[in-house]
Structure formats: structure tokens, C-alpha cells
Amino acid sequence: MQFQTLFFSLTHDIFPGLLLLGMLVLADKFYKEPRVWIWMALVTLGTVSALIKHTFALFWILLLFSNAIVLFSRIKDNNNNYNAIKVWLTLAIGGIISGI
């Protein structure tokens with residue numbers, strides 16, 4: 001009986017993709033229930049991704065743009081506009097801090 005070995009190669013694209021996915025999931029959690037630890041995790045993931053490669057700072061732009069679309073849809077549906085705008089601005093401040 002002969003055993004076949006299967007090797008998986010981790011390319012340089014998988015880890016940044018996981019960072020972006022983690023940021024998107026945390027941003028969704030932050031919209032549902034804003035917590036300081038979620039915000040700090042987002043800032044940390046954004047900083048780590050930008051330190052890996054400076055073009056990964058675009059993750060924040062993608063995150064803020066996609067969440068702006070969600071924000072506008074929530075503004076149309078709900079009367080609680082202040083909270084949604086406050087959460088988005090908090091994310092934008094996190095992106096600024098992460099960029100600095």
C-alpha cells in the first residue's frame with residue numbers, strides 16, 4: 001500500500017485575505033454592538049495589514065466604503081440615524097489611527 005502525501009502551500013495572498021475577512025467580520029459585529037475591544041481589534045488588524053505591505057492600507061478604504069453603503073441603507077430604513085453615523089465615524093477614526 002502506497003501513501004500519497006498532499007502538501008498545501010500558503011501563498012502570500014492568503015494571510016492578507018484572512019486579515020481583510022477578519023476586518024469585515026469585526027466591522028459587522030461593531031455595527032451590531034459597538035464595543036471598544038472590537039474597535040481596537042479592527043485598528044490592530046488594519047495596522048498589521050498596512051505594516052505587511054503599504055498597499056494593504058486600502059483595506060480600510062474598502063471597509064469604510066462598503067460600510068458607507070450599509071450606512072445609507074440603514075438610514076433609509078431606520079430613524080436611528082445618529083447611531084449609524086456615529087459608528088461609521090468611529091470606524092473612520094480607527095482607520096486614521098491605523099494609518100498613522
# chains A, B, ... in the order shown; residues from 1 in each chain; ligands from 1
call {"tool": "select_by_dssp", "arguments": {"residues": "chain A", "states": "helix (DSSP H, G or I)", "output": "PyMOL selection string"}}
result
chain A and resi 14-32+36-52+54-77+81-99
call {"tool": "residues_around", "arguments": {"residues": "Thr44 in chain A", "least_positions_apart": "3", "cutoff": "10 Å", "atoms": "only C-alpha atoms", "output": "ChimeraX atom specification"}}
result
/A:23,38-41,47-50,94-95,97-98
call {"tool": "residues_around", "arguments": {"residues": "Leu64 in chain A", "least_positions_apart": "6", "cutoff": "10 Å", "atoms": "only C-alpha atoms", "output": "number ranges by chain"}}
result
A: 24, 27, 58, 70-71, 88-89, 91-92, 95
call {"tool": "write_last_selection", "arguments": {"atoms": "N, CA and C atoms", "output": "short mmCIF file (atom, residue, chain, number, x, y, z; two decimals), in the first residue's frame"}}
result
data_model
loop_
_atom_site.label_atom_id
_atom_site.label_comp_id
_atom_site.auth_asym_id
_atom_site.auth_seq_id
_atom_site.Cartn_x
_atom_site.Cartn_y
_atom_site.Cartn_z
N LEU A 24 -13.64 42.71 7.99
CA LEU A 24 -15.03 42.83 7.57
C LEU A 24 -15.99 42.21 8.58
N ALA A 27 -16.07 44.47 11.64
CA ALA A 27 -16.83 45.69 11.36
C ALA A 27 -18.33 45.42 11.43
N LEU A 58 -5.31 49.92 1.82
CA LEU A 58 -6.57 50.02 1.07
C LEU A 58 -7.69 49.20 1.71
N VAL A 70 -23.78 50.33 3.56
CA VAL A 70 -24.66 49.77 4.59
C VAL A 70 -25.29 50.89 5.41
N LEU A 71 -24.51 51.91 5.71
CA LEU A 71 -25.00 53.05 6.49
C LEU A 71 -26.16 53.73 5.78
N TRP A 88 -20.06 54.69 12.09
CA TRP A 88 -19.22 54.84 10.90
C TRP A 88 -18.07 55.81 11.15
N LEU A 89 -18.35 56.91 11.83
CA LEU A 89 -17.29 57.87 12.14
C LEU A 89 -16.25 57.27 13.08
N LEU A 91 -15.43 54.12 13.10
CA LEU A 91 -14.61 53.28 12.23
C LEU A 91 -13.63 54.12 11.43
N ALA A 92 -14.07 55.29 10.96
CA ALA A 92 -13.18 56.17 10.19
C ALA A 92 -12.03 56.67 11.06
N GLY A 95 -9.55 53.95 11.25
CA GLY A 95 -8.74 53.88 10.05
C GLY A 95 -7.65 54.96 10.03
#
call {"tool": "residues_around", "arguments": {"residues": "Asp13 in chain A", "least_positions_apart": "4", "cutoff": "12 Å", "atoms": "only C-alpha atoms", "output": "MDAnalysis selection string"}}
result
chainID A and resid 9 17:20 49 52:53 56
call {"tool": "write_last_selection", "arguments": {"atoms": "C-alpha atoms", "output": "compact mmCIF listing (two decimals), in the first residue's frame"}}
result
# COMPACT_ATOMS: atom_id res chain seq x y z
CA SER A 9 1.24 25.81 0.08
CA GLY A 17 -7.04 37.89 2.66
CA LEU A 18 -7.67 36.50 6.13
CA LEU A 19 -6.85 39.89 7.62
CA LEU A 20 -9.37 41.58 5.32
CA SER A 49 -2.00 44.66 7.29
CA ILE A 52 2.93 43.90 5.94
CA LYS A 53 2.57 45.85 2.71
CA PHE A 56 -2.93 46.81 2.20
call {"tool": "residues_around", "arguments": {"residues": "Lys32 in chain A", "least_positions_apart": "4", "cutoff": "10 Å", "atoms": "only C-alpha atoms", "output": "list in words"}}
result
Leu26, Ala27, Asp28, Ala84 and Val87 of chain A
call {"tool": "atom_distance", "arguments": {"atom1": "CA of Asn67 in chain A", "atom2": "CA of Ile93 in chain A"}}
result
13.7 Å
call {"tool": "atom_distance", "arguments": {"atom1": "CA of Tyr31 in chain A", "atom2": "CA of His54 in chain A"}}
result
26.5 Å
call {"tool": "decode", "arguments": {"residues": "range 23-39 of chain A", "atoms": "all heavy atoms", "output": "mmCIF file, in the first residue's frame"}}
result
data_model
loop_
_atom_site.group_PDB
_atom_site.id
_atom_site.type_symbol
_atom_site.label_atom_id
_atom_site.label_comp_id
_atom_site.auth_asym_id
_atom_site.auth_seq_id
_atom_site.Cartn_x
_atom_site.Cartn_y
_atom_site.Cartn_z
ATOM 1 N N MET A 23 -11.324 41.772 9.281
ATOM 2 C CA MET A 23 -11.749 43.162 9.456
ATOM 3 C C MET A 23 -13.211 43.345 9.069
ATOM 4 O O MET A 23 -13.955 44.056 9.746
ATOM 5 C CB MET A 23 -10.860 44.090 8.618
ATOM 6 C CG MET A 23 -9.469 44.275 9.169
ATOM 7 S SD MET A 23 -8.428 45.312 8.125
ATOM 8 C CE MET A 23 -9.184 46.916 8.394
ATOM 9 N N LEU A 24 -13.639 42.708 7.994
ATOM 10 C CA LEU A 24 -15.033 42.827 7.572
ATOM 11 C C LEU A 24 -15.992 42.206 8.580
ATOM 12 O O LEU A 24 -17.043 42.764 8.886
ATOM 13 C CB LEU A 24 -15.223 42.198 6.188
ATOM 14 C CG LEU A 24 -14.561 42.943 5.032
ATOM 15 C CD1 LEU A 24 -14.640 42.122 3.761
ATOM 16 C CD2 LEU A 24 -15.182 44.310 4.838
ATOM 17 N N VAL A 25 -15.603 41.054 9.125
ATOM 18 C CA VAL A 25 -16.447 40.395 10.127
ATOM 19 C C VAL A 25 -16.519 41.239 11.399
ATOM 20 O O VAL A 25 -17.598 41.427 11.980
ATOM 21 C CB VAL A 25 -15.912 38.969 10.427
ATOM 22 C CG1 VAL A 25 -16.569 38.372 11.654
ATOM 23 C CG2 VAL A 25 -16.121 38.066 9.222
ATOM 24 N N LEU A 26 -15.372 41.766 11.829
ATOM 25 C CA LEU A 26 -15.367 42.605 13.033
ATOM 26 C C LEU A 26 -16.138 43.897 12.829
ATOM 27 O O LEU A 26 -16.798 44.381 13.749
ATOM 28 C CB LEU A 26 -13.933 42.904 13.464
ATOM 29 C CG LEU A 26 -13.187 41.751 14.128
ATOM 30 C CD1 LEU A 26 -11.727 42.133 14.364
ATOM 31 C CD2 LEU A 26 -13.851 41.351 15.428
ATOM 32 N N ALA A 27 -16.067 44.470 11.635
ATOM 33 C CA ALA A 27 -16.829 45.693 11.359
ATOM 34 C C ALA A 27 -18.325 45.424 11.429
ATOM 35 O O ALA A 27 -19.095 46.248 11.936
ATOM 36 C CB ALA A 27 -16.454 46.256 9.992
ATOM 37 N N ASP A 28 -18.742 44.262 10.941
ATOM 38 C CA ASP A 28 -20.157 43.899 11.031
ATOM 39 C C ASP A 28 -20.582 43.731 12.488
ATOM 40 O O ASP A 28 -21.645 44.214 12.887
ATOM 41 C CB ASP A 28 -20.415 42.616 10.244
ATOM 42 C CG ASP A 28 -21.878 42.257 10.219
ATOM 43 O OD1 ASP A 28 -22.692 43.122 9.828
ATOM 44 O OD2 ASP A 28 -22.219 41.114 10.589
ATOM 45 N N LYS A 29 -19.729 43.081 13.282
ATOM 46 C CA LYS A 29 -20.026 42.948 14.712
ATOM 47 C C LYS A 29 -20.066 44.316 15.391
ATOM 48 O O LYS A 29 -20.875 44.549 16.277
ATOM 49 C CB LYS A 29 -18.969 42.076 15.406
ATOM 50 C CG LYS A 29 -19.116 40.616 15.174
ATOM 51 C CD LYS A 29 -18.091 39.847 15.985
ATOM 52 C CE LYS A 29 -18.212 38.369 15.737
ATOM 53 N NZ LYS A 29 -17.268 37.608 16.553
ATOM 54 N N PHE A 30 -19.178 45.203 14.970
ATOM 55 C CA PHE A 30 -19.116 46.538 15.568
ATOM 56 C C PHE A 30 -20.384 47.326 15.264
ATOM 57 O O PHE A 30 -20.855 48.084 16.102
ATOM 58 C CB PHE A 30 -17.878 47.278 15.057
ATOM 59 C CG PHE A 30 -17.603 48.563 15.777
ATOM 60 C CD1 PHE A 30 -17.145 48.556 17.077
ATOM 61 C CD2 PHE A 30 -17.807 49.780 15.155
ATOM 62 C CE1 PHE A 30 -16.884 49.737 17.752
ATOM 63 C CE2 PHE A 30 -17.553 50.969 15.811
ATOM 64 C CZ PHE A 30 -17.087 50.945 17.115
ATOM 65 N N TYR A 31 -20.946 47.167 14.076
ATOM 66 C CA TYR A 31 -22.199 47.839 13.751
ATOM 67 C C TYR A 31 -23.350 47.316 14.596
ATOM 68 O O TYR A 31 -24.207 48.073 15.027
ATOM 69 C CB TYR A 31 -22.549 47.675 12.273
ATOM 70 C CG TYR A 31 -22.124 48.842 11.444
ATOM 71 C CD1 TYR A 31 -21.015 48.767 10.630
ATOM 72 C CD2 TYR A 31 -22.825 50.037 11.491
ATOM 73 C CE1 TYR A 31 -20.616 49.836 9.879
ATOM 74 C CE2 TYR A 31 -22.435 51.117 10.746
ATOM 75 C CZ TYR A 31 -21.331 51.015 9.939
ATOM 76 O OH TYR A 31 -20.938 52.087 9.207
ATOM 77 N N LYS A 32 -23.355 46.005 14.826
ATOM 78 C CA LYS A 32 -24.445 45.422 15.607
ATOM 79 C C LYS A 32 -24.339 45.779 17.082
ATOM 80 O O LYS A 32 -25.347 46.020 17.744
ATOM 81 C CB LYS A 32 -24.458 43.906 15.425
ATOM 82 C CG LYS A 32 -24.854 43.492 14.028
ATOM 83 C CD LYS A 32 -24.773 42.002 13.852
ATOM 84 C CE LYS A 32 -25.102 41.640 12.415
ATOM 85 N NZ LYS A 32 -24.835 40.245 12.126
ATOM 86 N N GLU A 33 -23.118 45.769 17.590
ATOM 87 C CA GLU A 33 -22.907 46.044 19.013
ATOM 88 C C GLU A 33 -21.536 46.707 19.198
ATOM 89 O O GLU A 33 -20.530 46.011 19.319
ATOM 90 C CB GLU A 33 -22.977 44.738 19.812
ATOM 91 C CG GLU A 33 -22.988 44.935 21.284
ATOM 92 C CD GLU A 33 -23.171 43.619 22.030
ATOM 93 O OE1 GLU A 33 -23.306 42.568 21.413
ATOM 94 O OE2 GLU A 33 -23.161 43.690 23.254
ATOM 95 N N PRO A 34 -21.487 48.042 19.166
ATOM 96 C CA PRO A 34 -20.197 48.730 19.296
ATOM 97 C C PRO A 34 -19.532 48.472 20.647
ATOM 98 O O PRO A 34 -20.094 48.767 21.687
ATOM 99 C CB PRO A 34 -20.560 50.213 19.141
ATOM 100 C CG PRO A 34 -21.907 50.234 18.526
ATOM 101 C CD PRO A 34 -22.582 48.973 18.941
ATOM 102 N N ARG A 35 -18.379 47.901 20.590
ATOM 103 C CA ARG A 35 -17.579 47.620 21.789
ATOM 104 C C ARG A 35 -16.158 48.108 21.551
ATOM 105 O O ARG A 35 -15.657 48.083 20.422
ATOM 106 C CB ARG A 35 -17.527 46.115 22.086
ATOM 107 C CG ARG A 35 -18.865 45.509 22.393
ATOM 108 C CD ARG A 35 -19.184 45.732 23.842
ATOM 109 N NE ARG A 35 -20.433 45.085 24.176
ATOM 110 C CZ ARG A 35 -21.360 45.648 24.890
ATOM 111 N NH1 ARG A 35 -21.199 46.862 25.345
ATOM 112 N NH2 ARG A 35 -22.471 45.015 25.162
ATOM 113 N N VAL A 36 -15.492 48.510 22.600
ATOM 114 C CA VAL A 36 -14.132 49.031 22.490
ATOM 115 C C VAL A 36 -13.172 47.950 22.008
ATOM 116 O O VAL A 36 -12.300 48.213 21.168
ATOM 117 C CB VAL A 36 -13.665 49.612 23.849
ATOM 118 C CG1 VAL A 36 -12.218 50.017 23.793
ATOM 119 C CG2 VAL A 36 -14.532 50.788 24.238
ATOM 120 N N TRP A 37 -13.321 46.725 22.499
ATOM 121 C CA TRP A 37 -12.383 45.673 22.119
ATOM 122 C C TRP A 37 -12.503 45.336 20.635
ATOM 123 O O TRP A 37 -11.496 44.998 19.992
ATOM 124 C CB TRP A 37 -12.557 44.424 22.980
ATOM 125 C CG TRP A 37 -13.795 43.627 22.702
ATOM 126 C CD1 TRP A 37 -15.005 43.754 23.317
ATOM 127 C CD2 TRP A 37 -13.950 42.590 21.735
ATOM 128 N NE1 TRP A 37 -15.904 42.870 22.783
ATOM 129 C CE2 TRP A 37 -15.278 42.135 21.811
ATOM 130 C CE3 TRP A 37 -13.098 42.001 20.807
ATOM 131 C CZ2 TRP A 37 -15.781 41.123 20.997
ATOM 132 C CZ3 TRP A 37 -13.592 40.989 19.997
ATOM 133 C CH2 TRP A 37 -14.909 40.560 20.103
ATOM 134 N N ILE A 38 -13.700 45.439 20.060
ATOM 135 C CA ILE A 38 -13.866 45.175 18.628
ATOM 136 C C ILE A 38 -13.166 46.280 17.838
ATOM 137 O O ILE A 38 -12.459 46.015 16.862
ATOM 138 C CB ILE A 38 -15.356 45.086 18.252
ATOM 139 C CG1 ILE A 38 -16.028 43.914 18.968
ATOM 140 C CG2 ILE A 38 -15.522 44.944 16.749
ATOM 141 C CD1 ILE A 38 -17.536 43.861 18.781
ATOM 142 N N TRP A 39 -13.339 47.523 18.270
ATOM 143 C CA TRP A 39 -12.706 48.650 17.595
ATOM 144 C C TRP A 39 -11.187 48.528 17.663
ATOM 145 O O TRP A 39 -10.495 48.747 16.671
ATOM 146 C CB TRP A 39 -13.191 49.949 18.230
ATOM 147 C CG TRP A 39 -12.671 51.172 17.568
ATOM 148 C CD1 TRP A 39 -13.153 51.764 16.439
ATOM 149 C CD2 TRP A 39 -11.561 51.954 17.989
ATOM 150 N NE1 TRP A 39 -12.420 52.876 16.140
ATOM 151 C CE2 TRP A 39 -11.428 53.021 17.075
ATOM 152 C CE3 TRP A 39 -10.672 51.870 19.048
ATOM 153 C CZ2 TRP A 39 -10.436 53.981 17.187
ATOM 154 C CZ3 TRP A 39 -9.691 52.833 19.161
ATOM 155 C CH2 TRP A 39 -9.577 53.866 18.235
#
